[in-house]
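This is work.cif. It holds mmCIF, C-alpha atoms.
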```cif
data_upload
loop_
_atom_site.label_atom_id
_atom_site.label_comp_id
_atom_site.auth_asym_id
_atom_site.auth_seq_id
_atom_site.Cartn_x
_atom_site.Cartn_y
_atom_site.Cartn_z
CA MET A 1 -36.41 7.70 -19.74
CA THR A 2 -34.40 7.08 -16.61
CA TRP A 3 -31.50 4.74 -16.19
CA ARG A 4 -31.25 3.12 -12.83
CA ARG A 5 -28.37 1.37 -11.18
CA PRO A 6 -28.21 -2.39 -11.53
CA PRO A 7 -30.19 -4.21 -8.84
CA GLY A 8 -28.01 -5.22 -5.93
CA ALA A 9 -25.18 -2.82 -6.74
CA TYR A 10 -25.48 -1.28 -3.31
CA ASP A 11 -26.57 -4.38 -1.42
CA ARG A 12 -23.14 -5.07 -0.09
CA PRO A 13 -22.44 -6.28 3.41
CA VAL A 14 -19.36 -4.03 3.53
CA SER A 15 -19.47 -0.24 3.53
CA PRO A 16 -16.84 2.15 2.13
CA ALA A 17 -16.00 3.03 5.73
CA ASP A 18 -15.15 -0.65 6.30
CA ASP A 19 -12.93 -0.60 3.21
CA ALA A 20 -11.12 2.46 4.56
CA ALA A 21 -10.64 0.71 7.91
CA LEU A 22 -9.09 -2.29 6.14
CA VAL A 23 -6.68 -0.02 4.27
CA ARG A 24 -5.63 1.75 7.47
CA ALA A 25 -5.15 -1.53 9.32
CA ALA A 26 -3.09 -2.97 6.47
CA ALA A 27 -1.00 0.21 6.45
CA ASP A 28 -0.35 -0.43 10.15
CA GLY A 29 0.98 -3.95 9.57
CA ASP A 30 -2.19 -6.05 9.78
CA GLN A 31 -1.80 -8.95 7.30
CA ALA A 32 -5.34 -10.18 8.00
CA ALA A 33 -6.72 -6.82 6.91
CA TRP A 34 -4.67 -7.10 3.70
CA ASP A 35 -6.02 -10.61 3.08
CA ALA A 36 -9.55 -9.26 3.52
CA LEU A 37 -8.87 -6.61 0.85
CA VAL A 38 -7.60 -9.31 -1.51
CA LYS A 39 -10.70 -11.40 -0.90
CA ARG A 40 -12.95 -8.41 -1.37
CA PHE A 41 -11.44 -6.96 -4.54
CA GLY A 42 -9.57 -9.87 -6.11
CA GLY A 43 -12.48 -10.64 -8.42
CA LEU A 44 -12.80 -7.02 -9.53
CA VAL A 45 -9.09 -6.70 -10.37
CA TRP A 46 -9.12 -10.02 -12.27
CA SER A 47 -12.23 -8.97 -14.21
CA ILE A 48 -10.54 -5.77 -15.32
CA ALA A 49 -7.55 -7.71 -16.64
CA ARG A 50 -9.71 -10.28 -18.45
CA SER A 51 -12.05 -7.66 -19.84
CA HIS A 52 -9.08 -6.29 -21.76
CA ARG A 53 -8.65 -9.71 -23.32
CA LEU A 54 -5.35 -10.43 -21.70
CA GLY A 55 -4.27 -14.06 -21.55
CA THR A 56 -3.89 -15.65 -18.15
CA ALA A 57 -0.14 -14.87 -17.81
CA ASP A 58 -0.54 -11.17 -18.69
CA ALA A 59 -3.71 -10.92 -16.60
CA ALA A 60 -1.86 -12.42 -13.63
CA ASP A 61 0.99 -9.91 -14.12
CA VAL A 62 -1.21 -6.81 -14.29
CA SER A 63 -3.29 -8.01 -11.32
CA GLN A 64 -0.15 -8.51 -9.27
CA THR A 65 1.22 -5.11 -10.28
CA ALA A 66 -2.02 -3.48 -9.13
CA TRP A 67 -1.83 -5.21 -5.75
CA LEU A 68 1.86 -4.31 -5.37
CA ARG A 69 1.04 -0.68 -6.20
CA LEU A 70 -1.51 -0.77 -3.40
CA VAL A 71 1.07 -2.17 -0.97
CA GLU A 72 3.48 0.65 -1.75
CA ASN A 73 0.72 3.25 -1.41
CA LEU A 74 -1.12 1.95 1.68
CA GLY A 75 0.06 4.85 3.79
CA ARG A 76 -0.58 7.56 1.19
CA ILE A 77 -3.86 6.70 -0.52
CA ARG A 78 -6.02 9.81 -0.56
CA ASP A 79 -9.49 8.24 -0.47
CA PRO A 80 -9.19 4.87 1.29
CA GLU A 81 -12.98 4.37 1.11
CA ARG A 82 -12.61 4.16 -2.67
CA VAL A 83 -9.76 1.67 -2.67
CA GLY A 84 -11.75 -0.69 -4.93
CA ALA A 85 -11.98 1.87 -7.71
CA TRP A 86 -8.31 2.80 -7.07
CA LEU A 87 -7.25 -0.82 -7.56
CA ALA A 88 -9.39 -1.23 -10.63
CA SER A 89 -8.11 1.99 -12.26
CA THR A 90 -4.53 1.02 -11.47
CA CYS A 91 -5.07 -2.40 -13.02
CA ARG A 92 -6.68 -0.82 -16.09
CA ASN A 93 -3.67 1.45 -16.51
CA GLU A 94 -1.37 -1.54 -16.53
CA CYS A 95 -3.67 -3.32 -19.01
CA LEU A 96 -3.44 -0.39 -21.42
CA ARG A 97 0.36 -0.51 -21.22
CA VAL A 98 0.46 -4.24 -21.86
CA ILE A 99 -1.88 -3.83 -24.82
CA ARG A 100 0.29 -1.05 -26.25
CA ARG A 101 3.35 -3.23 -25.76
CA SER A 102 1.77 -5.98 -27.83
CA GLY A 103 0.79 -3.57 -30.60
CA ARG A 104 -2.96 -4.03 -30.18
CA GLN A 105 -5.39 -1.13 -30.45
CA VAL A 106 -6.17 0.36 -27.07
CA PRO A 107 -9.92 0.33 -26.28
CA THR A 108 -10.49 3.87 -25.04
CA ASP A 109 -13.52 6.10 -25.23
CA ILE A 110 -15.93 3.41 -24.08
CA GLY A 111 -18.95 5.66 -24.44
CA ALA A 112 -18.35 6.46 -28.10
CA ASP A 113 -20.30 4.89 -30.95
CA ILE A 114 -20.30 1.16 -30.62
CA ASP A 115 -19.33 -0.70 -33.75
CA LEU A 116 -22.10 -3.27 -33.89
CA GLU A 117 -20.31 -5.59 -36.27
CA ALA A 118 -18.92 -8.66 -34.55
CA GLU A 119 -15.17 -8.91 -34.82
CA GLU A 120 -13.73 -11.85 -36.65
CA THR A 121 -11.47 -12.90 -33.83
CA ALA A 122 -10.95 -16.41 -32.58
CA ALA A 123 -12.87 -17.08 -29.41
CA PRO A 124 -10.86 -18.51 -26.53
CA PRO A 125 -11.33 -22.24 -25.98
CA VAL A 126 -14.27 -23.06 -23.79
CA ASP A 127 -14.47 -26.01 -21.46
CA ALA A 128 -17.89 -27.29 -22.48
CA ALA A 129 -18.26 -29.23 -19.24
CA LEU A 130 -18.35 -25.94 -17.34
CA LEU A 131 -21.19 -24.50 -19.34
CA ALA A 132 -24.81 -25.49 -18.92
CA GLY A 133 -25.73 -26.38 -22.40
CA GLU A 134 -25.45 -24.93 -25.85
CA ARG A 135 -27.02 -21.60 -25.06
CA ASP A 136 -24.40 -20.68 -22.46
CA THR A 137 -21.60 -21.88 -24.72
CA GLU A 138 -22.87 -19.80 -27.63
CA LEU A 139 -23.42 -16.81 -25.39
CA TRP A 140 -19.89 -16.89 -23.94
CA ARG A 141 -18.34 -17.40 -27.37
CA ALA A 142 -20.30 -14.44 -28.69
CA PHE A 143 -19.21 -12.40 -25.68
CA ALA A 144 -15.58 -12.96 -26.66
CA ARG A 145 -16.32 -11.66 -30.18
CA ILE A 146 -18.08 -8.40 -29.41
CA SER A 147 -16.21 -5.12 -29.72
CA GLU A 148 -13.38 -4.48 -27.26
CA ARG A 149 -15.17 -1.46 -25.83
CA CYS A 150 -18.27 -3.51 -25.03
CA GLN A 151 -16.23 -6.31 -23.53
CA VAL A 152 -14.44 -3.95 -21.21
CA LEU A 153 -17.71 -2.44 -20.00
CA LEU A 154 -19.77 -5.62 -19.74
CA ARG A 155 -17.03 -7.67 -18.08
CA LEU A 156 -16.82 -5.02 -15.42
CA LEU A 157 -20.60 -4.92 -14.98
CA ILE A 158 -20.87 -8.71 -14.60
CA THR A 159 -18.25 -8.82 -11.83
CA ASP A 160 -19.49 -10.48 -8.67
CA PRO A 161 -20.39 -8.38 -6.69
CA PRO A 162 -21.05 -5.69 -9.31
CA PRO A 163 -19.42 -2.27 -8.90
CA SER A 164 -21.70 0.75 -8.68
CA TYR A 165 -22.12 2.96 -11.73
CA GLU A 166 -20.12 5.63 -9.91
CA GLU A 167 -17.23 3.19 -9.59
CA VAL A 168 -17.58 2.10 -13.21
CA GLY A 169 -17.51 5.73 -14.30
CA GLU A 170 -14.33 6.32 -12.34
CA ILE A 171 -12.59 3.15 -13.51
CA LEU A 172 -13.42 3.56 -17.20
CA ASP A 173 -13.37 7.36 -17.22
CA MET A 174 -16.98 7.51 -18.48
CA PRO A 175 -19.77 9.89 -17.46
CA VAL A 176 -22.05 8.01 -15.08
CA GLY A 177 -25.14 8.96 -17.08
CA SER A 178 -23.76 7.26 -20.20
CA ILE A 179 -23.22 3.87 -18.56
CA GLY A 180 -26.84 2.71 -18.69
CA PRO A 181 -27.39 3.58 -22.37
CA THR A 182 -24.00 2.13 -23.35
CA ARG A 183 -24.78 -1.05 -21.45
CA ALA A 184 -28.05 -1.37 -23.36
CA ARG A 185 -26.32 -0.88 -26.73
CA CYS A 186 -23.63 -3.41 -25.83
CA LEU A 187 -26.17 -6.00 -24.76
CA GLU A 188 -28.01 -5.51 -28.05
CA HIS A 189 -24.68 -5.92 -29.83
CA LEU A 190 -24.16 -9.15 -27.90
CA ARG A 191 -27.64 -10.44 -28.78
CA ARG A 192 -27.07 -9.83 -32.47
CA THR A 193 -23.65 -11.47 -32.33
CA SER A 194 -24.97 -14.56 -30.59
CA GLY A 195 -28.26 -14.79 -32.40
CA ILE A 196 -30.14 -14.85 -29.10
CA THR A 197 -33.56 -13.30 -29.31
CA ALA A 198 -35.62 -11.94 -26.46
CA HIS A 199 -38.10 -14.75 -26.17
CA LEU A 200 -35.37 -17.36 -26.27
CA ALA A 201 -33.73 -15.71 -23.26
CA ASP A 202 -37.09 -15.88 -21.54
CA SER A 203 -37.65 -19.56 -22.07
CA GLN A 204 -34.48 -20.67 -20.24
CA MET B 1 -35.89 -2.36 -2.41
CA ALA B 2 -37.60 0.40 -4.38
CA GLU B 3 -40.74 -0.57 -6.24
CA ASP B 4 -39.27 0.25 -9.64
CA VAL B 5 -41.31 -0.78 -12.63
CA GLN B 6 -38.82 -1.89 -15.24
CA ARG B 7 -39.54 -1.53 -18.91
CA PRO B 8 -39.76 -4.98 -20.60
CA ASP B 9 -36.46 -4.65 -22.45
CA GLU B 10 -34.68 -3.50 -19.32
CA ALA B 11 -35.84 -6.65 -17.52
CA GLU B 12 -34.42 -8.71 -20.38
CA ASP B 13 -31.17 -6.80 -20.11
CA GLU B 14 -30.99 -7.67 -16.42
CA ARG B 15 -31.57 -11.35 -17.18
CA LEU B 16 -28.84 -11.34 -19.81
CA ILE B 17 -26.44 -9.62 -17.42
CA GLU B 18 -27.24 -12.20 -14.76
CA SER B 19 -26.66 -15.06 -17.22
CA LEU B 20 -23.29 -13.61 -18.16
CA ARG B 21 -22.40 -13.10 -14.50
CA ALA B 22 -23.20 -16.74 -13.72
CA ILE B 23 -21.15 -17.95 -16.69
CA ALA B 24 -18.15 -15.77 -15.79
CA ARG B 25 -18.29 -17.03 -12.25
CA ARG B 26 -18.03 -20.60 -13.52
CA VAL B 27 -15.55 -20.29 -16.37
CA ASP B 28 -13.30 -17.43 -15.32
CA PRO B 29 -13.00 -17.03 -11.55
CA VAL B 30 -9.85 -15.58 -10.02
CA PRO B 31 -7.23 -18.35 -10.20
CA ALA B 32 -6.00 -19.54 -6.79
CA GLU B 33 -2.39 -18.70 -7.71
CA VAL B 34 -3.36 -15.12 -8.53
CA GLU B 35 -5.13 -14.73 -5.18
CA ASP B 36 -2.21 -16.33 -3.33
CA ALA B 37 0.25 -14.02 -5.08
CA ALA B 38 -1.87 -11.00 -4.18
CA ARG B 39 -1.83 -11.99 -0.50
CA GLY B 40 1.93 -12.52 -0.77
CA ALA B 41 2.38 -9.02 -2.20
CA TYR B 42 2.04 -7.75 1.37
CA THR B 43 5.55 -9.02 2.19
CA TRP B 44 6.91 -6.19 -0.01
CA ARG B 45 5.39 -3.66 2.38
CA THR B 46 7.98 -1.09 3.51
CA VAL B 47 7.37 1.55 6.10
CA ASP B 48 10.15 4.03 5.45
CA ALA B 49 11.08 4.12 1.76
CA ASP B 50 10.62 7.14 -0.49
CA LEU B 51 8.54 6.49 -3.60
CA ALA B 52 9.70 7.46 -7.11
CA GLU B 53 6.51 7.69 -9.18
CA LEU B 54 6.40 6.82 -12.85
CA ALA B 55 6.65 10.13 -14.68
CA TYR B 56 7.27 8.94 -18.24
CA ASP B 57 6.62 5.69 -20.13
CA SER B 58 7.58 5.56 -23.79
CA LEU B 59 4.81 3.01 -24.31
CA LEU B 60 2.25 5.75 -23.78
CA ASP B 61 4.17 8.45 -25.64
CA ASP B 62 1.89 9.28 -28.56
CA ASP B 63 4.53 11.39 -30.29
CA ARG B 64 6.83 8.44 -30.45
CA LEU B 65 4.10 6.16 -31.69
CA ALA B 66 3.16 8.58 -34.45
CA GLY B 67 6.56 8.08 -36.03
CA VAL B 68 8.00 4.92 -37.51
CA ARG B 69 8.05 2.35 -34.76
CA ALA B 70 10.87 -0.14 -34.44
CA ASP B 71 9.40 -3.22 -32.85
CA ASP B 72 12.52 -3.93 -30.89
CA ALA B 73 13.07 -0.36 -29.67
CA PRO B 74 13.61 -0.56 -25.92
CA ARG B 75 10.95 0.84 -23.65
CA THR B 76 12.11 3.78 -21.54
CA LEU B 77 10.71 4.63 -18.14
CA THR B 78 11.44 7.58 -15.88
CA PHE B 79 10.65 7.53 -12.17
CA GLU B 80 10.81 10.76 -10.15
CA GLY B 81 11.58 10.77 -6.45
CA PRO B 82 12.01 13.67 -4.02
CA THR B 83 15.77 14.07 -4.71
CA TYR B 84 16.67 11.50 -7.35
CA SER B 85 15.17 10.24 -10.58
CA VAL B 86 15.72 6.80 -12.05
CA GLU B 87 15.67 6.26 -15.81
CA ILE B 88 15.61 2.77 -17.21
CA GLU B 89 15.60 1.16 -20.62
CA VAL B 90 13.87 -2.20 -20.79
CA ALA B 91 14.89 -4.67 -23.51
CA THR B 92 13.26 -8.02 -24.10
CA ASP B 93 15.24 -11.24 -23.94
CA GLY B 94 12.58 -13.80 -24.76
CA SER B 95 10.57 -14.24 -21.58
CA GLN B 96 13.03 -12.13 -19.58
CA ARG B 97 14.03 -8.49 -19.46
CA ARG B 98 17.32 -6.60 -19.47
CA LEU B 99 17.46 -3.25 -17.70
CA LEU B 100 19.88 -0.38 -18.36
CA GLY B 101 19.57 2.25 -15.71
CA GLN B 102 20.72 5.73 -14.78
CA LEU B 103 20.41 7.59 -11.50
CA VAL B 104 19.92 11.34 -11.88
CA PRO B 105 21.76 13.29 -10.56
CA PRO B 106 24.57 10.77 -11.08
CA ALA B 107 25.60 8.94 -7.93
CA ALA B 108 27.03 5.59 -6.90
CA ALA B 109 24.39 3.44 -5.30
CA ARG B 110 23.32 -0.06 -4.32
CA ILE B 111 20.39 -1.21 -6.40
CA GLU B 112 17.99 -4.02 -5.62
CA VAL B 113 15.81 -5.17 -8.50
CA ARG B 114 12.62 -6.62 -7.01
CA HIS B 115 10.88 -8.85 -9.56
CA SER B 116 8.70 -11.94 -9.71
CA GLY B 117 11.85 -14.08 -9.85
CA GLY B 118 13.05 -12.65 -6.52
CA LEU B 119 15.78 -10.10 -5.91
CA LEU B 120 18.81 -9.00 -7.96
CA ARG B 121 21.52 -7.04 -6.15
CA LEU B 122 23.80 -4.80 -8.17
CA GLY B 123 25.67 -1.54 -8.01
CA ALA B 124 25.36 1.75 -9.82
CA ASP B 125 28.81 3.19 -10.71
CA GLU B 126 30.06 6.66 -9.79
CA VAL B 127 28.08 8.19 -12.65
CA GLY B 128 24.92 6.39 -11.60
CA ARG B 129 24.81 3.76 -14.34
CA PHE B 130 23.70 0.20 -13.74
CA SER B 131 22.50 -2.81 -15.69
CA ALA B 132 20.60 -5.97 -14.85
CA VAL B 133 19.97 -9.14 -16.83
CA GLY B 134 17.69 -12.05 -16.10
CA VAL B 135 14.82 -9.93 -14.82
CA ALA B 136 11.57 -11.91 -15.03
CA ALA B 137 8.78 -10.41 -17.12
CA GLY B 138 6.07 -9.10 -14.81
CA PRO B 139 5.98 -6.59 -11.93
CA VAL B 140 9.29 -4.82 -11.22
CA SER B 141 10.45 -2.22 -8.69
CA LEU B 142 13.97 -0.91 -8.03
CA ARG B 143 15.18 -0.04 -4.54
CA CYS B 144 18.06 2.45 -4.64
CA LEU B 145 20.42 3.24 -1.76
CA VAL B 146 22.75 6.08 -2.66
CA GLU B 147 26.27 5.61 -1.28
CA GLY B 148 27.34 7.87 1.52
CA VAL B 149 23.87 9.31 2.02
CA ASP B 150 21.85 8.68 5.16
CA GLY B 151 18.16 8.31 4.79
CA PRO B 152 15.44 6.05 3.49
CA PRO B 153 15.87 4.00 0.30
CA LEU B 154 14.17 5.17 -2.89
CA ASP B 155 11.70 2.67 -4.39
CA THR B 156 10.45 3.02 -7.96
CA ALA B 157 6.71 2.47 -8.42
CA TRP B 158 5.86 -1.09 -9.45
CA VAL B 159 5.30 -1.50 -13.19
CA THR B 160 4.72 -4.48 -15.45
CA VAL B 161 7.66 -5.04 -17.79
#
```
Entire entry expressed as structure tokens:
Amino acid sequence: MTWRRPPGAYDRPVSPADDAALVRAAADGDQAAWDALVKRFGGLVWSIARSHRLGTADAADVSQTAWLRLVENLGRIRDPERVGAWLASTCRNECLRVIRRSGRQVPTDIGADIDLEAEETAAPPVDAALLAGERDTELWRAFARISERCQVLLRLLITDPPPSYEEVGEILDMPVGSIGPTRARCLEHLRRTSGITAHLADSQ
Amino acid sequence: MAEDVQRPDEAEDERLIESLRAIARRVDPVPAEVEDAARGAYTWRTVDADLAELAYDSLLDDDRLAGVRADDAPRTLTFEGPTYSVEIEVATDGSQRRLLGQLVPPAAARIEVRHSGGLLRLGADEVGRFSAVGVAAGPVSLRCLVEGVDGPPLDTAWVTV
């Protein structure tokens, strides 16, 4: 049994060397280079915040803190080619603090046994007009009810463009080899929670 | 692309992931204000300040959490710079924060509280104590200029309060 990386994870038009060049240019005073970093990694940082089930105000705060931390560290970042993972880890750190502050349980140890029981939490309101039909609505509602650990992992994996498993391992402090199997268990958890069966997924 | 033969359930997993990705893209993209704010963060760029990294955060202190926890106990943060440390207590005032600070070793200083509401200018007294009210919840960093000392300012690492 081998677990491969998700298709397209490496099909990026930008290379780590390009990312490093953007960091160096931004450190030298190039606002356009900074804007390019925001465009490139803004989605990833936001996904991290939302995957920890932070509301929009808290998610905006932790995102902004991560970007501000990057500004203050532009000249001293050790591995500028891995600035994406740096940003994501920084954001995750802030998320964990905000969660602690609110008294919630912190979702650590993502690779540990997944509790396959759906949590009885209220799903966030969904704008039905944005979703193509009942299946998508049910799927997204179910996604909001799966365990915190699975949400954190899956939300990161569904980011557009998706991070590599190496990056995921670094951001979530998980062994790279455990990501594939954990993903599979979480998706099964999601299917059970939403009542979606394999052939139904096929027929869409 | 490699000619990988996927097992049937792995192909279904990929389809489910792609469905979720498409939904997330539609219902939860990065808000424009968040992206604008991130671009604007660049204006805080400073070339010559020293950085005081966060060395202690009571929020992540497991020993403290193991004991009885007062919900309104202030959060304490310690930032360590090359020659000075900055300790602050953060108390909540509804949607705002109050800061009580201490420069170590004690020294009079000018303090600038950088927060999402702008900038608060205040002074630390001769024993290094300072306080600030009306700090907006969100990212915060303190810039400290010790009196009578030449050299770069000391900036505390940005944290979310």
Sorted per-residue table, chain B near chain A, closest atoms and distance, 9 Å, all atoms listed in the file, as JSON lines:
```
{"residue": "B:Met1", "atom": "CA", "partner": "A:Pro7", "partner_atom": "CA", "distance": 8.8}
{"residue": "B:Asp9", "atom": "CA", "partner": "A:Ala198", "partner_atom": "CA", "distance": 8.4}
{"residue": "B:Glu10", "atom": "CA", "partner": "A:Ala184", "partner_atom": "CA", "distance": 8.1}
{"residue": "B:Glu12", "atom": "CA", "partner": "A:Ala198", "partner_atom": "CA", "distance": 7.0}
{"residue": "B:Asp13", "atom": "CA", "partner": "A:Leu187", "partner_atom": "CA", "distance": 6.9}
{"residue": "B:Glu14", "atom": "CA", "partner": "A:Pro6", "partner_atom": "CA", "distance": 7.7}
{"residue": "B:Arg15", "atom": "CA", "partner": "A:Ala201", "partner_atom": "CA", "distance": 7.8}
{"residue": "B:Leu16", "atom": "CA", "partner": "A:Ala201", "partner_atom": "CA", "distance": 7.4}
{"residue": "B:Ile17", "atom": "CA", "partner": "A:Ile158", "partner_atom": "CA", "distance": 6.3}
{"residue": "B:Glu18", "atom": "CA", "partner": "A:Ile158", "partner_atom": "CA", "distance": 7.3}
{"residue": "B:Ser19", "atom": "CA", "partner": "A:Asp136", "partner_atom": "CA", "distance": 8.0}
{"residue": "B:Leu20", "atom": "CA", "partner": "A:Ile158", "partner_atom": "CA", "distance": 6.5}
{"residue": "B:Arg21", "atom": "CA", "partner": "A:Ile158", "partner_atom": "CA", "distance": 4.7}
{"residue": "B:Ala22", "atom": "CA", "partner": "A:Ile158", "partner_atom": "CA", "distance": 8.4}
{"residue": "B:Ile23", "atom": "CA", "partner": "A:Leu131", "partner_atom": "CA", "distance": 7.1}
{"residue": "B:Ala24", "atom": "CA", "partner": "A:Ile158", "partner_atom": "CA", "distance": 7.7}
{"residue": "B:Arg25", "atom": "CA", "partner": "A:Asp160", "partner_atom": "CA", "distance": 7.6}
{"residue": "B:Arg26", "atom": "CA", "partner": "A:Leu130", "partner_atom": "CA", "distance": 6.6}
{"residue": "B:Val27", "atom": "CA", "partner": "A:Leu130", "partner_atom": "CA", "distance": 6.4}
{"residue": "B:Asp28", "atom": "CA", "partner": "A:Arg50", "partner_atom": "CA", "distance": 8.6}
{"residue": "B:Pro29", "atom": "CA", "partner": "A:Gly43", "partner_atom": "CA", "distance": 7.1}
{"residue": "B:Val30", "atom": "CA", "partner": "A:Gly43", "partner_atom": "CA", "distance": 5.8}
{"residue": "B:Pro31", "atom": "CA", "partner": "A:Ala60", "partner_atom": "CA", "distance": 8.7}
{"residue": "B:Glu33", "atom": "CA", "partner": "A:Ala60", "partner_atom": "CA", "distance": 8.6}
{"residue": "B:Val34", "atom": "CA", "partner": "A:Ala60", "partner_atom": "CA", "distance": 6.0}
{"residue": "B:Glu35", "atom": "CA", "partner": "A:Gly42", "partner_atom": "CA", "distance": 6.6}
{"residue": "B:Ala37", "atom": "CA", "partner": "A:Gln64", "partner_atom": "CA", "distance": 6.9}
{"residue": "B:Ala38", "atom": "CA", "partner": "A:Gln64", "partner_atom": "CA", "distance": 5.9}
{"residue": "B:Arg39", "atom": "CA", "partner": "A:Asp35", "partner_atom": "CA", "distance": 5.7}
{"residue": "B:Ala41", "atom": "CA", "partner": "A:Leu68", "partner_atom": "CA", "distance": 5.7}
{"residue": "B:Tyr42", "atom": "CA", "partner": "A:Val71", "partner_atom": "CA", "distance": 6.1}
{"residue": "B:Thr43", "atom": "CA", "partner": "A:Val71", "partner_atom": "CA", "distance": 8.8}
{"residue": "B:Trp44", "atom": "CA", "partner": "A:Val71", "partner_atom": "CA", "distance": 7.2}
{"residue": "B:Arg45", "atom": "CA", "partner": "A:Val71", "partner_atom": "CA", "distance": 5.7}
{"residue": "B:Thr46", "atom": "CA", "partner": "A:Glu72", "partner_atom": "CA", "distance": 7.1}
{"residue": "B:Val47", "atom": "CA", "partner": "A:Gly75", "partner_atom": "CA", "distance": 8.3}
{"residue": "B:Leu51", "atom": "CA", "partner": "A:Glu72", "partner_atom": "CA", "distance": 7.9}
{"residue": "B:Asp57", "atom": "CA", "partner": "A:Arg97", "partner_atom": "CA", "distance": 8.9}
{"residue": "B:Leu59", "atom": "CA", "partner": "A:Arg100", "partner_atom": "CA", "distance": 6.4}
{"residue": "B:Leu60", "atom": "CA", "partner": "A:Arg97", "partner_atom": "CA", "distance": 7.0}
{"residue": "B:Asp71", "atom": "CA", "partner": "A:Gly103", "partner_atom": "CA", "distance": 8.9}
{"residue": "B:Arg75", "atom": "CA", "partner": "A:Arg101", "partner_atom": "CA", "distance": 8.9}
{"residue": "B:Ala137", "atom": "CA", "partner": "A:Asp61", "partner_atom": "CA", "distance": 8.4}
{"residue": "B:Gly138", "atom": "CA", "partner": "A:Asp61", "partner_atom": "CA", "distance": 5.2}
{"residue": "B:Pro139", "atom": "CA", "partner": "A:Thr65", "partner_atom": "CA", "distance": 5.3}
{"residue": "B:Val140", "atom": "CA", "partner": "A:Thr65", "partner_atom": "CA", "distance": 8.1}
{"residue": "B:Asp155", "atom": "CA", "partner": "A:Glu72", "partner_atom": "CA", "distance": 8.9}
{"residue": "B:Ala157", "atom": "CA", "partner": "A:Arg69", "partner_atom": "CA", "distance": 6.9}
{"residue": "B:Trp158", "atom": "CA", "partner": "A:Arg69", "partner_atom": "CA", "distance": 5.8}
{"residue": "B:Val159", "atom": "CA", "partner": "A:Thr65", "partner_atom": "CA", "distance": 6.2}
{"residue": "B:Thr160", "atom": "CA", "partner": "A:Thr65", "partner_atom": "CA", "distance": 6.3}
{"residue": "B:Val161", "atom": "CA", "partner": "A:Val98", "partner_atom": "CA", "distance": 8.3}
```
Using the chain letters and numbering of this document, enumerate as a PDB file with C-alpha atoms, in the coordinates of the input the residues selected by the PyMOL selection byres ((chain B and resi 52) around 7).
```pdb
ATOM      1  CA  ASP B  50      10.620   7.140  -0.490  1.00  0.00           C
ATOM      2  CA  LEU B  51       8.540   6.490  -3.600  1.00  0.00           C
ATOM      3  CA  GLU B  53       6.510   7.690  -9.180  1.00  0.00           C
ATOM      4  CA  LEU B  54       6.400   6.820 -12.850  1.00  0.00           C
ATOM      5  CA  PHE B  79      10.650   7.530 -12.170  1.00  0.00           C
ATOM      6  CA  GLU B  80      10.810  10.760 -10.150  1.00  0.00           C
ATOM      7  CA  GLY B  81      11.580  10.770  -6.450  1.00  0.00           C
ATOM      8  CA  LEU B 154      14.170   5.170  -2.890  1.00  0.00           C
ATOM      9  CA  ASP B 155      11.700   2.670  -4.390  1.00  0.00           C
ATOM     10  CA  THR B 156      10.450   3.020  -7.960  1.00  0.00           C
ATOM     11  CA  ALA B 157       6.710   2.470  -8.420  1.00  0.00           C
TER      12      ALA B 157
END
```
- prompt: So what does the PyMOL selection byres ((chain A and resi 88) around 8) actually pick up in this one, as a PyMOL selection string?
  reply: chain A and resi 44-45+48+66+84-87+89-92+171
So what does the PyMOL selection byres ((chain A and resi 20) around 9) actually pick up in this one, as an mmCIF file with C-alpha atoms, keeping the file's coordinate frame?
```cif
data_model
loop_
_atom_site.group_PDB
_atom_site.id
_atom_site.type_symbol
_atom_site.label_atom_id
_atom_site.label_comp_id
_atom_site.auth_asym_id
_atom_site.auth_seq_id
_atom_site.Cartn_x
_atom_site.Cartn_y
_atom_site.Cartn_z
ATOM 1 C CA SER A 15 -19.470 -0.240 3.530
ATOM 2 C CA PRO A 16 -16.840 2.150 2.130
ATOM 3 C CA ALA A 17 -16.000 3.030 5.730
ATOM 4 C CA ASP A 18 -15.150 -0.650 6.300
ATOM 5 C CA ASP A 19 -12.930 -0.600 3.210
ATOM 6 C CA ALA A 21 -10.640 0.710 7.910
ATOM 7 C CA LEU A 22 -9.090 -2.290 6.140
ATOM 8 C CA VAL A 23 -6.680 -0.020 4.270
ATOM 9 C CA ARG A 24 -5.630 1.750 7.470
ATOM 10 C CA ALA A 25 -5.150 -1.530 9.320
ATOM 11 C CA ASP A 79 -9.490 8.240 -0.470
ATOM 12 C CA PRO A 80 -9.190 4.870 1.290
ATOM 13 C CA GLU A 81 -12.980 4.370 1.110
ATOM 14 C CA ARG A 82 -12.610 4.160 -2.670
ATOM 15 C CA VAL A 83 -9.760 1.670 -2.670
#
```
- line: Computed gap from CA of Met174 in chain A to CA of Ser194 in chain A is 26.4 Å
- line: Correct to one decimal, the distance CA of Arg53 in chain A-CA of Ile146 in chain A is 11.3 Å
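With distances taken over all atoms listed in the file, B:Ser58 is the one residue among B:Ser85, B:Ser58, B:Ser116, B:Gln102 lying closest to Ala73 in chain B.
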message: One decimal, in Å: what's the spacing between CA of Ala49 in chain A and CA of Thr92 in chain B?
response: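 These two atoms are separated by 22.1 Å.
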Can you pull out the residues contacting range 134-136 of chain B? Cut-off 6 Å, using all atoms listed in the file, and skip same-chain residues under 6 positions away; I want them as a PDB file with C-alpha atoms, in the coordinates of the input.
```pdb
ATOM      1  CA  GLN B  96      13.030 -12.130 -19.580  1.00  0.00           C
ATOM      2  CA  ARG B  97      14.030  -8.490 -19.460  1.00  0.00           C
ATOM      3  CA  GLY B 117      11.850 -14.080  -9.850  1.00  0.00           C
TER       4      GLY B 117
END
```
Quick one: residues within 9 Å of Glu126 in chain B, only C-alpha atoms counted, chain neighbours fewer than 4 positions away excluded, as a short mmCIF file (atom, residue, chain, number, x, y, z; two decimals) with C-alpha atoms, keeping the file's coordinate frame?
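Dumped everything to around-v4.cif:
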```cif
data_model
loop_
_atom_site.label_atom_id
_atom_site.label_comp_id
_atom_site.auth_asym_id
_atom_site.auth_seq_id
_atom_site.Cartn_x
_atom_site.Cartn_y
_atom_site.Cartn_z
CA PRO B 106 24.57 10.77 -11.08
CA ALA B 107 25.60 8.94 -7.93
CA ALA B 108 27.03 5.59 -6.90
CA ALA B 109 24.39 3.44 -5.30
#
```
